[in-house]
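Colleague: Enclosed is the structure file data33.txt (compact mmCIF, C-alpha atoms).
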```
# COMPACT_ATOMS: atom_id res chain seq x y z
CA MET A 1016 0.00 0.00 0.00
CA ASP A 1017 1.46 3.38 -0.89
CA THR A 1018 1.98 6.05 1.72
CA SER A 1019 -0.64 8.45 0.40
CA VAL A 1020 -3.31 5.84 0.98
CA LEU A 1021 -1.99 5.30 4.51
CA SER A 1022 -2.26 8.98 5.24
CA TYR A 1023 -5.99 8.83 4.50
CA MET A 1024 -6.52 5.83 6.67
CA ASN A 1025 -4.82 7.57 9.56
CA MET A 1026 -6.93 10.65 9.42
CA SER A 1027 -8.47 12.09 12.54
CA ILE A 1028 -12.21 11.96 12.92
CA PRO A 1029 -13.95 14.59 15.05
CA ILE A 1030 -16.73 13.32 17.28
CA ASN A 1031 -18.62 16.06 19.01
CA THR A 1032 -16.00 18.10 20.82
CA LYS A 1033 -13.44 15.34 21.09
CA THR A 1034 -11.12 14.20 18.40
CA TRP A 1035 -10.37 10.53 18.04
CA HIS A 1036 -7.31 9.46 16.23
CA ILE A 1037 -7.57 6.24 14.32
CA GLY A 1038 -4.09 4.83 13.96
CA PRO A 1039 -0.97 7.00 13.97
CA ILE A 1040 -1.59 10.72 13.81
CA SER A 1041 -1.06 12.25 10.43
CA ARG A 1042 -0.80 16.02 10.19
CA GLU A 1043 -1.22 15.91 6.47
CA LEU A 1044 -4.87 16.19 5.52
CA PRO A 1045 -5.63 14.66 2.15
CA THR A 1046 -7.14 16.83 -0.53
CA LEU A 1047 -9.84 15.83 -2.92
CA SER A 1048 -7.60 16.34 -5.91
CA ARG A 1049 -5.09 13.92 -4.41
CA LEU A 1050 -7.86 11.46 -3.70
CA LYS A 1051 -8.98 11.70 -7.29
CA ARG A 1052 -5.42 11.22 -8.49
CA ASP A 1053 -4.97 8.19 -6.24
CA THR A 1054 -8.20 6.69 -7.47
CA GLY A 1055 -7.31 7.24 -11.09
CA MET A 1056 -9.74 10.08 -11.65
CA THR A 1057 -8.25 12.57 -13.98
CA ARG A 1058 -11.16 14.66 -15.16
CA GLN A 1059 -10.17 18.28 -14.77
CA ASP A 1060 -13.69 19.52 -14.11
CA ASN A 1061 -14.01 17.66 -10.84
CA ARG A 1062 -11.54 19.54 -8.76
CA LYS A 1063 -14.07 21.15 -6.48
CA ALA A 1064 -16.03 19.04 -4.06
CA ASN A 1065 -19.27 20.87 -4.69
CA GLU A 1066 -19.28 20.03 -8.34
CA THR A 1067 -21.73 17.24 -8.86
CA ASP A 1068 -21.06 16.00 -12.39
CA LEU A 1069 -19.43 12.72 -11.50
CA SER A 1070 -19.57 9.99 -14.10
CA GLN A 1071 -20.98 6.57 -13.18
CA ALA A 1072 -17.51 5.03 -13.52
CA GLU A 1073 -16.15 7.53 -11.01
CA MET A 1074 -18.98 6.85 -8.64
CA VAL A 1075 -18.41 3.10 -8.80
CA LYS A 1076 -14.78 3.74 -7.82
CA LEU A 1077 -15.67 6.15 -5.05
CA LEU A 1078 -18.22 3.78 -3.55
CA ALA A 1079 -15.75 0.88 -3.70
CA ILE A 1080 -13.19 3.04 -1.87
CA VAL A 1081 -15.77 3.95 0.78
CA GLY A 1082 -16.69 0.30 1.18
CA GLN A 1083 -13.19 -1.12 1.34
CA GLU A 1084 -11.14 1.67 2.87
CA ARG A 1085 -13.71 3.81 4.70
CA LYS A 1086 -12.32 7.02 3.24
CA VAL A 1087 -14.35 10.00 4.35
CA GLU A 1088 -13.05 12.07 1.41
CA ALA A 1089 -14.43 9.63 -1.13
CA PHE A 1090 -17.72 9.59 0.75
CA GLU A 1091 -17.81 13.39 0.76
CA MET A 1092 -17.75 13.43 -3.04
CA LEU A 1093 -20.65 10.99 -3.19
CA PHE A 1094 -22.45 13.04 -0.56
CA ARG A 1095 -21.99 16.29 -2.52
CA HIS A 1096 -23.40 14.62 -5.61
CA TYR A 1097 -26.29 12.65 -4.12
CA SER A 1098 -27.47 14.60 -1.08
CA PRO A 1099 -29.26 17.35 -3.08
CA ARG A 1100 -30.86 14.68 -5.27
CA ILE A 1101 -32.09 12.61 -2.34
CA ARG A 1102 -33.28 15.76 -0.59
CA SER A 1103 -35.39 16.58 -3.69
CA PHE A 1104 -36.60 12.99 -3.90
CA MET A 1105 -37.73 13.09 -0.26
CA THR A 1106 -39.27 16.57 -0.54
CA VAL A 1107 -41.73 15.52 -3.25
CA LYS A 1108 -43.55 13.32 -0.77
CA THR A 1109 -43.18 15.08 2.58
CA LYS A 1110 -43.31 18.75 1.47
CA ASP A 1111 -41.57 19.32 4.81
CA ARG A 1112 -37.97 20.44 4.39
CA GLN A 1113 -36.84 19.33 7.81
CA VAL A 1114 -38.27 15.86 7.41
CA ALA A 1115 -36.78 15.60 3.92
CA GLU A 1116 -33.40 16.69 5.31
CA GLU A 1117 -33.53 14.04 8.03
CA LEU A 1118 -34.53 11.29 5.57
CA MET A 1119 -31.68 12.38 3.29
CA GLN A 1120 -29.23 12.14 6.20
CA GLU A 1121 -30.58 8.68 7.11
CA THR A 1122 -30.14 7.57 3.51
CA MET A 1123 -26.54 8.76 3.32
CA VAL A 1124 -25.67 7.16 6.66
CA ALA A 1125 -27.03 3.90 5.23
CA VAL A 1126 -24.91 4.39 2.08
CA TRP A 1127 -21.83 4.77 4.31
CA ASN A 1128 -22.74 1.71 6.41
CA LYS A 1129 -23.63 -0.55 3.50
CA ALA A 1130 -20.97 0.57 1.03
CA ALA A 1131 -19.04 -2.70 1.42
CA GLN A 1132 -22.11 -4.64 0.25
CA PHE A 1133 -22.07 -2.85 -3.10
CA ASP A 1134 -20.62 -5.06 -5.84
CA PRO A 1135 -18.61 -2.86 -8.21
CA GLU A 1136 -18.60 -5.60 -10.87
CA ARG A 1137 -22.37 -5.65 -11.19
CA GLY A 1138 -23.60 -2.53 -9.50
CA ASN A 1139 -25.11 0.66 -10.79
CA VAL A 1140 -24.46 3.29 -8.11
CA SER A 1141 -27.45 5.54 -8.76
CA ALA A 1142 -29.83 2.55 -8.85
CA TRP A 1143 -28.31 1.19 -5.63
CA ILE A 1144 -28.63 4.53 -3.85
CA PHE A 1145 -32.19 4.86 -5.16
CA THR A 1146 -33.13 1.54 -3.54
CA ILE A 1147 -31.70 2.70 -0.20
CA ALA A 1148 -33.58 6.01 -0.38
CA ARG A 1149 -36.77 4.19 -1.38
CA ASN A 1150 -36.49 1.81 1.58
CA ILE A 1151 -35.88 4.68 4.01
CA ARG A 1152 -38.92 6.50 2.62
CA THR A 1153 -41.08 3.36 2.83
CA ASP A 1154 -40.02 2.81 6.45
CA ALA A 1155 -40.69 6.45 7.29
CA TYR A 1156 -44.30 6.02 6.21
CA ARG A 1157 -44.61 2.76 8.14
CA ARG A 1158 -45.32 0.79 5.04
CA LYS A 1159 -43.82 -2.68 5.07
CA ARG A 1160 -42.25 -3.91 1.86
CA PRO A 1161 -41.48 -7.66 2.09
CA VAL A 1162 -38.46 -8.77 0.06
CA PHE A 1163 -37.21 -12.09 -1.34
CA GLU A 1164 -34.12 -13.72 0.21
CA ILE A 1165 -31.39 -15.05 -2.04
CA ASP A 1166 -30.10 -17.43 0.66
CA ASP A 1167 -33.46 -19.13 1.05
CA PRO A 1168 -33.49 -22.82 -0.03
CA THR A 1169 -36.54 -22.20 -2.26
CA PHE A 1170 -34.92 -19.27 -4.06
CA VAL A 1171 -34.67 -19.99 -7.80
CA PRO A 1172 -31.33 -18.68 -9.10
CA ASP A 1173 -30.97 -17.18 -12.56
CA SER A 1174 -29.90 -19.94 -14.94
CA THR A 1175 -29.38 -17.57 -17.87
CA PRO A 1176 -25.69 -17.90 -18.87
CA ALA A 1177 -23.72 -15.30 -16.96
CA ALA A 1178 -22.28 -13.89 -20.19
CA ASP A 1179 -25.76 -12.88 -21.29
CA VAL A 1180 -26.61 -10.88 -18.21
CA GLU A 1181 -23.28 -9.63 -16.91
CA PHE A 1182 -22.28 -6.40 -18.47
CA GLU A 1183 -20.52 -3.23 -17.54
CA GLN A 1184 -23.20 -1.72 -15.33
CA ALA A 1185 -21.52 1.64 -15.19
CA GLN A 1186 -21.84 1.91 -18.97
CA ASP A 1187 -25.35 0.58 -18.88
CA ALA A 1188 -26.31 3.28 -16.43
CA GLY A 1189 -25.24 5.89 -18.97
CA LEU A 1190 -27.12 4.05 -21.68
CA LEU A 1191 -30.25 3.86 -19.56
CA ARG A 1192 -30.03 7.57 -18.97
CA GLN A 1193 -29.80 8.20 -22.72
CA ALA A 1194 -32.71 5.86 -23.37
CA MET A 1195 -34.79 7.71 -20.77
CA GLU A 1196 -34.24 10.90 -22.77
CA THR A 1197 -35.87 9.32 -25.80
CA LEU A 1198 -39.06 8.24 -24.00
CA PRO A 1199 -42.23 10.05 -25.11
CA ALA A 1200 -43.23 12.71 -22.56
CA ASP A 1201 -46.39 10.88 -21.44
CA GLN A 1202 -44.44 7.67 -20.68
CA PHE A 1203 -41.63 9.54 -18.95
CA ASP A 1204 -44.17 11.41 -16.82
CA VAL A 1205 -45.77 8.18 -15.58
CA LEU A 1206 -42.39 6.73 -14.53
CA LYS A 1207 -41.45 9.97 -12.79
CA ARG A 1208 -44.73 10.03 -10.87
CA ALA A 1209 -44.39 6.38 -9.83
CA PHE A 1210 -40.83 6.75 -8.55
CA PHE A 1211 -40.93 10.23 -7.03
CA ASP A 1212 -44.53 11.00 -6.08
CA ASP A 1213 -44.85 7.67 -4.27
CA VAL A 1214 -48.20 6.79 -5.84
CA SER A 1215 -49.39 3.55 -7.42
CA HIS A 1216 -50.26 3.21 -11.10
CA SER A 1217 -53.97 3.18 -10.26
CA THR A 1218 -53.59 6.47 -8.36
CA ILE A 1219 -51.67 7.92 -11.32
CA ALA A 1220 -54.58 6.96 -13.58
CA LYS A 1221 -57.00 8.78 -11.26
CA GLU A 1222 -54.75 11.85 -11.03
CA LEU A 1223 -54.42 12.08 -14.81
CA GLY A 1224 -58.06 11.23 -15.41
CA LEU A 1225 -57.06 8.32 -17.64
CA PRO A 1226 -58.35 4.76 -17.91
CA LEU A 1227 -56.22 2.28 -15.95
CA GLY A 1228 -55.42 0.43 -19.18
CA THR A 1229 -53.89 3.57 -20.71
CA VAL A 1230 -51.52 4.04 -17.78
CA LYS A 1231 -50.61 0.33 -17.79
CA SER A 1232 -49.82 0.43 -21.50
CA ARG A 1233 -47.67 3.56 -21.08
CA ILE A 1234 -45.67 1.73 -18.42
CA ARG A 1235 -45.35 -1.36 -20.61
CA LEU A 1236 -44.29 0.66 -23.66
CA ALA A 1237 -41.75 2.64 -21.62
CA PHE A 1238 -40.03 -0.49 -20.33
CA GLU A 1239 -40.17 -2.19 -23.73
CA LYS A 1240 -38.31 0.78 -25.11
CA LEU A 1241 -35.76 0.82 -22.27
CA ARG A 1242 -35.25 -2.94 -22.61
CA SER A 1243 -34.67 -2.78 -26.35
CA ALA A 1244 -32.22 0.10 -25.88
CA MET A 1245 -30.27 -2.05 -23.40
CA GLU A 1246 -30.38 -5.14 -25.61
CA GLY A 1247 -29.40 -3.12 -28.69
CA ARG A 1248 -26.01 -2.42 -27.22
CA ARG A 1249 -25.11 -6.10 -26.82
CA MET B 779 -39.29 -25.01 -13.25
CA THR B 780 -40.35 -22.66 -16.00
CA ILE B 781 -42.60 -19.78 -15.17
CA ASN B 782 -45.04 -18.82 -17.91
CA HIS B 783 -47.16 -16.24 -16.14
CA HIS B 784 -45.36 -13.15 -14.89
CA LEU B 785 -46.20 -9.92 -13.16
CA SER B 786 -47.26 -7.00 -15.32
CA ASP B 787 -44.85 -4.08 -15.64
CA ALA B 788 -47.40 -1.89 -13.86
CA PHE B 789 -47.42 -4.05 -10.69
CA LEU B 790 -43.68 -4.55 -10.77
CA LEU B 791 -43.15 -0.80 -11.18
CA ASP B 792 -45.27 -0.13 -8.10
CA TYR B 793 -43.13 -2.61 -6.18
CA ALA B 794 -39.87 -1.13 -7.54
CA ALA B 795 -41.00 2.35 -6.54
CA GLY B 796 -42.09 1.21 -3.06
CA ASN B 797 -45.71 2.18 -3.74
CA LEU B 798 -47.43 -1.13 -3.04
CA SER B 799 -49.09 -1.87 0.24
CA GLU B 800 -47.84 -4.82 2.27
CA GLY B 801 -50.32 -7.47 1.08
CA TRP B 802 -49.58 -6.95 -2.62
CA SER B 803 -45.86 -6.68 -1.90
CA LEU B 804 -45.91 -10.05 -0.16
CA ALA B 805 -47.27 -11.74 -3.31
CA VAL B 806 -44.87 -9.82 -5.57
CA ALA B 807 -41.80 -10.62 -3.42
CA THR B 808 -42.75 -14.31 -3.16
CA HIS B 809 -43.15 -14.51 -6.95
CA LEU B 810 -39.77 -12.75 -7.37
CA ALA B 811 -38.11 -15.44 -5.20
CA LEU B 812 -39.21 -18.00 -7.81
CA CYS B 813 -38.85 -15.91 -11.00
CA PRO B 814 -35.42 -14.78 -12.28
CA ALA B 815 -37.01 -13.07 -15.31
CA CYS B 816 -39.08 -10.72 -13.14
CA ARG B 817 -36.00 -10.06 -10.97
CA ARG B 818 -34.10 -8.93 -14.07
CA GLN B 819 -37.00 -6.68 -14.96
CA LEU B 820 -36.99 -5.29 -11.40
CA ASP B 821 -33.26 -4.52 -11.80
CA ALA B 822 -33.98 -2.62 -15.01
CA MET B 823 -36.69 -0.61 -13.26
CA GLU B 824 -34.39 0.28 -10.38
CA GLY B 825 -31.82 1.28 -13.01
CA ALA B 826 -34.41 3.60 -14.56
CA ALA B 827 -35.12 5.07 -11.12
CA GLY B 828 -31.38 5.68 -10.67
CA ALA B 829 -31.27 7.44 -14.03
CA LEU B 830 -34.17 9.65 -12.91
CA LEU B 831 -32.34 10.41 -9.67
CA GLU B 832 -29.40 11.66 -11.74
CA LYS B 833 -31.72 13.85 -13.81
CA ILE B 834 -33.72 15.27 -10.91
CA THR B 835 -33.71 19.06 -10.61
CA VAL B 836 -31.65 20.02 -7.60
CA VAL B 837 -31.13 23.19 -5.66
CA ALA B 838 -27.41 23.72 -5.19
CA ASP B 839 -26.24 23.46 -1.60
CA THR B 840 -24.98 26.88 -0.67
CA SER B 841 -23.85 25.96 2.81
CA ASN B 842 -21.78 23.20 4.29
CA ASP B 843 -24.31 22.49 7.06
CA ALA B 844 -25.57 19.19 5.66
CA TRP B 845 -22.08 17.79 5.15
CA ASP B 846 -20.93 19.02 8.57
CA ARG B 847 -23.84 17.20 10.21
CA MET B 848 -23.11 14.07 8.21
CA LYS B 849 -19.42 14.15 9.12
CA ALA B 850 -20.29 14.43 12.79
CA ARG B 851 -22.55 11.38 12.48
CA LEU B 852 -19.91 9.37 10.64
CA GLY B 853 -17.53 9.96 13.53
CA GLY B 854 -19.86 8.02 15.80
CA LEU B 855 -20.26 5.24 13.25
CA GLN B 856 -16.58 4.77 12.60
CA ALA B 857 -16.09 1.85 14.97
CA ILE B 858 -19.29 -0.02 14.10
CA GLU B 859 -18.80 -3.31 12.37
CA ILE B 860 -21.79 -4.83 10.71
CA ASN B 861 -21.83 -8.59 10.97
CA PRO B 862 -24.02 -10.49 8.57
CA ALA B 863 -26.95 -12.22 10.24
CA PRO B 864 -26.34 -15.93 10.84
CA PRO B 865 -28.12 -18.13 8.29
CA ARG B 866 -31.49 -19.31 9.50
CA LYS B 867 -32.26 -22.98 9.75
CA THR B 868 -34.98 -24.20 7.45
CA ALA B 869 -36.51 -27.61 6.96
CA ASN B 870 -35.57 -29.33 3.72
CA PRO B 871 -37.03 -29.44 1.21
CA ALA B 872 -38.71 -26.09 1.71
CA ILE B 873 -41.86 -25.39 -0.29
CA LEU B 874 -43.04 -21.98 0.82
CA PRO B 875 -40.50 -19.33 -0.18
CA GLU B 876 -39.49 -16.35 1.92
CA PRO B 877 -40.89 -13.84 2.65
CA LEU B 878 -44.15 -15.85 2.71
CA ARG B 879 -42.86 -18.60 5.03
CA SER B 880 -42.19 -16.12 7.84
CA TYR B 881 -45.64 -14.59 7.42
CA VAL B 882 -47.41 -17.92 7.89
CA GLY B 883 -44.99 -19.06 10.60
CA GLY B 884 -43.56 -22.16 8.93
CA ASP B 885 -43.50 -24.41 5.91
CA LEU B 886 -46.41 -26.46 4.53
CA PRO B 887 -46.25 -29.38 7.02
CA ASP B 888 -46.37 -26.93 9.96
CA LEU B 889 -49.51 -25.12 8.88
CA LYS B 890 -52.81 -25.17 10.71
CA TRP B 891 -55.39 -25.18 7.93
CA ARG B 892 -58.95 -24.18 8.61
CA ALA B 893 -61.41 -26.45 6.87
CA LEU B 894 -63.98 -24.81 4.67
CA GLY B 895 -65.79 -28.04 3.75
CA ARG B 896 -65.70 -30.11 0.55
CA GLY B 897 -61.95 -30.43 0.83
CA ALA B 898 -61.13 -26.71 0.66
CA TYR B 899 -58.97 -25.08 3.34
CA GLN B 900 -57.64 -21.64 4.06
CA ILE B 901 -55.26 -19.74 6.30
CA LEU B 902 -55.76 -16.03 6.73
CA ILE B 903 -52.46 -14.15 6.78
CA ASP B 904 -52.10 -11.09 8.98
CA THR B 905 -50.36 -8.07 7.56
CA GLY B 906 -50.28 -4.54 8.89
CA ASP B 907 -52.12 -3.55 5.76
CA LYS B 908 -55.82 -2.69 5.81
CA ASP B 909 -56.11 -2.35 2.01
CA THR B 910 -55.78 -6.01 1.19
CA GLN B 911 -56.94 -9.42 2.27
CA VAL B 912 -54.25 -12.07 2.14
CA ARG B 913 -54.86 -15.80 2.40
CA LEU B 914 -53.33 -19.13 1.62
CA LEU B 915 -55.80 -21.49 -0.02
CA ARG B 916 -55.88 -25.19 -0.65
CA ILE B 917 -58.29 -26.12 -3.42
CA PRO B 918 -59.17 -29.79 -3.92
CA ALA B 919 -57.74 -31.41 -7.04
CA GLY B 920 -60.06 -31.36 -10.04
CA LYS B 921 -62.51 -28.89 -8.57
CA PRO B 922 -64.09 -26.53 -11.13
CA VAL B 923 -64.81 -22.95 -10.28
CA PRO B 924 -67.86 -21.02 -11.55
CA GLU B 925 -67.18 -18.49 -14.27
CA HIS B 926 -67.01 -15.00 -12.83
CA THR B 927 -65.51 -11.53 -13.12
CA HIS B 928 -63.69 -9.43 -10.51
CA LYS B 929 -64.14 -6.08 -8.97
CA GLY B 930 -60.74 -4.64 -8.27
CA TYR B 931 -57.40 -6.38 -8.50
CA GLU B 932 -56.53 -9.89 -7.48
CA LEU B 933 -53.14 -11.62 -7.45
CA THR B 934 -53.01 -15.42 -7.26
CA LEU B 935 -49.61 -17.08 -6.90
CA VAL B 936 -49.42 -20.87 -7.22
CA LEU B 937 -47.15 -22.61 -4.69
CA ALA B 938 -48.07 -26.27 -5.21
CA GLY B 939 -50.24 -28.18 -7.67
CA SER B 940 -51.73 -26.17 -10.49
CA PHE B 941 -54.92 -24.75 -11.93
CA ARG B 942 -56.15 -24.31 -15.46
CA ASP B 943 -57.86 -21.14 -16.63
CA GLY B 944 -59.11 -21.48 -20.20
CA LYS B 945 -56.11 -22.72 -22.18
CA ASP B 946 -53.60 -21.42 -19.59
CA VAL B 947 -52.11 -23.63 -16.91
CA PHE B 948 -50.79 -21.96 -13.78
CA ALA B 949 -48.21 -24.00 -11.87
CA ARG B 950 -45.71 -23.29 -9.08
CA GLY B 951 -44.33 -19.79 -9.39
CA ASP B 952 -46.94 -18.64 -11.91
CA ILE B 953 -48.89 -15.57 -10.91
CA GLU B 954 -52.29 -14.61 -12.24
CA GLU B 955 -53.11 -10.95 -12.21
CA ALA B 956 -56.82 -10.37 -12.56
CA ASP B 957 -58.83 -7.19 -12.72
CA ASP B 958 -62.46 -6.43 -13.46
CA THR B 959 -61.94 -6.82 -17.21
CA LEU B 960 -61.18 -10.52 -16.82
CA LEU B 961 -63.84 -13.17 -17.11
CA HIS B 962 -62.41 -16.54 -16.27
CA GLN B 963 -63.17 -20.07 -15.21
CA PRO B 964 -60.28 -21.63 -13.29
CA ILE B 965 -60.17 -25.33 -12.46
CA ALA B 966 -57.75 -26.90 -9.99
CA SER B 967 -55.81 -29.61 -11.88
CA GLU B 968 -56.28 -33.30 -11.18
CA GLY B 969 -53.82 -35.29 -9.12
CA GLU B 970 -52.76 -32.73 -6.53
CA ASP B 971 -54.47 -30.11 -4.43
CA CYS B 972 -53.67 -26.58 -5.57
CA ILE B 973 -52.10 -24.38 -2.90
CA CYS B 974 -51.93 -20.70 -3.69
CA LEU B 975 -51.50 -17.32 -2.15
CA ALA B 976 -54.42 -15.04 -2.98
CA VAL B 977 -54.38 -11.30 -2.41
CA THR B 978 -57.51 -9.25 -3.01
CA GLU B 979 -58.64 -5.72 -2.31
CA ALA B 980 -59.95 -5.73 1.24
CA PRO B 981 -63.38 -4.11 1.12
CA LEU B 982 -64.57 -6.39 -1.66
CA LYS B 983 -64.93 -9.56 0.30
CA PHE B 984 -66.32 -11.96 -2.23
CA THR B 985 -64.57 -11.03 -5.44
CA SER B 986 -61.88 -13.66 -5.41
CA TRP B 987 -62.61 -16.67 -7.60
CA ILE B 988 -61.41 -18.85 -4.81
CA VAL B 989 -63.67 -17.16 -2.36
CA ARG B 990 -66.50 -17.60 -4.89
CA LEU B 991 -65.65 -21.25 -4.87
CA ILE B 992 -66.05 -21.51 -1.11
CA GLN B 993 -68.94 -19.08 -0.88
CA PRO B 994 -71.59 -21.74 -1.55
CA ILE B 995 -69.88 -24.04 0.92
CA LEU B 996 -70.10 -21.40 3.61
CA LYS B 997 -73.71 -20.73 2.55
CA ILE B 998 -73.13 -17.00 2.67
```
Please re-express this file's structure in structure tokens.
Modeller:
Amino acid sequence: MDTSVLSYMNMSIPINTKTWHIGPISRELPTLSRLKRDTGMTRQDNRKANETDLSQAEMVKLLAIVGQERKVEAFEMLFRHYSPRIRSFMTVKTKDRQVAEELMQETMVAVWNKAAQFDPERGNVSAWIFTIARNIRTDAYRRKRPVFEIDDPTFVPDSTPAADVEFEQAQDAGLLRQAMETLPADQFDVLKRAFFDDVSHSTIAKELGLPLGTVKSRIRLAFEKLRSAMEGRR
Amino acid sequence: MTINHHLSDAFLLDYAAGNLSEGWSLAVATHLALCPACRRQLDAMEGAAGALLEKITVVADTSNDAWDRMKARLGGLQAIEINPAPPRKTANPAILPEPLRSYVGGDLPDLKWRALGRGAYQILIDTGDKDTQVRLLRIPAGKPVPEHTHKGYELTLVLAGSFRDGKDVFARGDIEEADDTLLHQPIASEGEDCICLAVTEAPLKFTSWIVRLIQPILKI
């Protein structure tokens, strides 16, 4: 391990008024530009921490560093990028800024705690963070959302050859984003309402004054289009 | 096991977005445990949600307050190690998948069925959800069901045996999604009782085809 990495691991972490030193004291505080250099990030436009235009590939790296090395600096970059987005996501439902702020903080704490569970080979960072935010929001409204368990003896694993389903998720995330841009406005609107407004497709139909079948077919057409965009690249 | 009857994108989207109440989610999650194709579709939906999160309009953070608070919280979390939960013991071979097995408190041999007469049995499943009615049903092999339509949604997930509805056969893992546009006449297949999880909209007590089946037995 090179010394610059060690200096990050030895950083001091303030807790309330006290300061705890983890490992030997290092006077040298790492900078974000050094962190980016160490992690192979060379994009010039990401020098400042408050810039939020990280690429998916960069985010996969940052999250892996957070998970494996618990680097606060790497986490700060993810925080600067995602916290305003999660705050907006939470605000749509609560309308209460303080509640939204607290739910955002809960989400980011969970990202920090669970970072090691993220699989950089398969993962899509924004999708992973979405699922954490969604679960925090669901819990906050006391709605239980049962989930399947992959370790359960009845669980049926995917027998599709790995080569057919494993792909560079970071690239796919970019591709998905592009494909979303090409969705017709009415289809895009239904997806946005479902994910952000926290309402079911039948509620969306009522809100838009549309027959249920129309909303269902918009959803089906949207995902057909997204699926074919993803398959087209293989 | 090949699953031929999947969830619609609309239901799966509601689950992906966290918009489904507990009863529906239980049927969706139990189907997902048995259906890799729907799990791949769920992944794609969560990917789409991630893409929307990237596109969301944000107000730039002008202060450092949020990060300062977060940093203070991380300090307290630094020493926490999260150990994975020990694997739970389950009887082999298991038939009821999680999360359903935990809801009913055991696997098929452990269940306390309530007889409904003429060989039909049910177990009502408690959820914290007032919008749905959730039950496990055991329909006698070969029993035909009167033709009927539904009011509201119904999800029926087959766990053992099978039933035939028109030319479609629903076997383990298959899920039938019915709404009020569907007119159907399901028949439990010969040879084995059909055990399924049925979720219906709560206020409409007698809309389920299975409940219609037992309605005359109960003389309601």
Colleague: List as a PyMOL selection string the protein and nucleic acid residues near Ser1098 (chain A), meaning an atom at most 12 Å away when all atoms listed in the file are counted, but skip any in the same chain fewer than 5 places from it.
Modeller: (chain A and resi 1065+1067+1090-1093+1103-1106+1115-1124+1126+1141+1144-1145+1148) or (chain B and resi 831-832+834+836-839+842-845+848)
Colleague: Per residue of chain B within 7 Å of chain A, record the nearest atom pair and its distance in Å to one decimal, counting all atoms listed in the file, with rows in chain order and ascending residue number, as a tab-separated table.
Modeller:
```
residue	atom	partner	partner_atom	distance
B:Asp787	CA	A:Arg1235	CA	5.7
B:Ala788	CA	A:Lys1231	CA	5.5
B:Asp792	CA	A:Ser1215	CA	5.6
B:Ala795	CA	A:Phe1210	CA	4.8
B:Gly796	CA	A:Arg1149	CA	6.3
B:Asn797	CA	A:Ser1215	CA	5.4
B:Leu798	CA	A:Ser1215	CA	6.7
B:Ser799	CA	A:Arg1158	CA	6.7
B:Glu800	CA	A:Lys1159	CA	5.3
B:Ser803	CA	A:Arg1160	CA	5.9
B:Leu804	CA	A:Pro1161	CA	5.5
B:Ala807	CA	A:Val1162	CA	5.2
B:Thr808	CA	A:Phe1163	CA	6.2
B:Leu810	CA	A:Phe1163	CA	6.6
B:Ala811	CA	A:Phe1170	CA	5.1
B:Leu812	CA	A:Val1171	CA	5.0
B:Cys813	CA	A:Val1171	CA	6.7
B:Pro814	CA	A:Asp1173	CA	5.1
B:Glu824	CA	A:Ala1142	CA	5.3
B:Gly825	CA	A:Ala1142	CA	4.8
B:Ala826	CA	A:Leu1191	CA	6.5
B:Ala827	CA	A:Ala1142	CA	6.3
B:Gly828	CA	A:Ala1142	CA	3.9
B:Ala829	CA	A:Arg1192	CA	5.1
B:Leu831	CA	A:Arg1100	CA	6.3
B:Ile834	CA	A:Arg1100	CA	6.4
B:Val836	CA	A:Pro1099	CA	5.8
B:Val837	CA	A:Pro1099	CA	6.7
B:Ala838	CA	A:Pro1099	CA	7.0
B:Asp839	CA	A:Pro1099	CA	7.0
B:Met848	CA	A:Gln1120	CA	6.7
B:Ala850	CA	A:Ile1030	CA	5.8
B:Gly853	CA	A:Ile1030	CA	5.1
B:Gly854	CA	A:Ile1030	CA	6.3
B:Ala872	CA	A:Thr1169	CA	6.0
B:Ile873	CA	A:Thr1169	CA	6.5
B:Pro875	CA	A:Thr1169	CA	5.3
B:Glu876	CA	A:Phe1163	CA	5.8
B:Pro877	CA	A:Phe1163	CA	5.7
```
Colleague: Please, what distance in Å, to one decimal, runs between CA of Gln1202 (chain A) and CA of Ala815 (chain B)?
Modeller: 22.7 Å
Colleague: Give the answer as one residue: which of A:Val1114, A:Ala1125, A:Leu1223, A:Ala1130 has the shortest atom-to-atom distance to Val1075 (chain A), using all atoms listed in the file?
Modeller: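 The closest residue to Val1075 (chain A) is A:Ala1130.
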Colleague: What does the structure give for the distance between CA of Leu1078 (chain A) and CA of Arg818 (chain B), in Å to one decimal?
Modeller: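 Answer for the CA of Leu1078 (chain A) to CA of Arg818 (chain B) separation: 22.9 Å.
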Colleague: Counting all atoms listed in the file, which residue out of B:Leu937, B:Ala966, B:Ala893, B:Leu874 sits closest to Ile917 (chain B)?
Modeller: B:Ala966
Colleague: Any idea what's packed within 12 Å of region 902-908 of chain B, counting only C-alpha atoms, ignoring anything in its chain fewer than 3 positions away? Could you give it as a PyMOL selection string?
Modeller: (chain A and resi 1157-1161) or (chain B and resi 798-805+878-883+889-893+899+911-916+975-981)
Colleague: If I take CA of Arg817 (chain B) and CA of Leu790 (chain B), how far is one from the other in Å, to one decimal?
Modeller: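 Atom-to-atom, CA of Arg817 (chain B) to CA of Leu790 (chain B), that is 9.5 Å.
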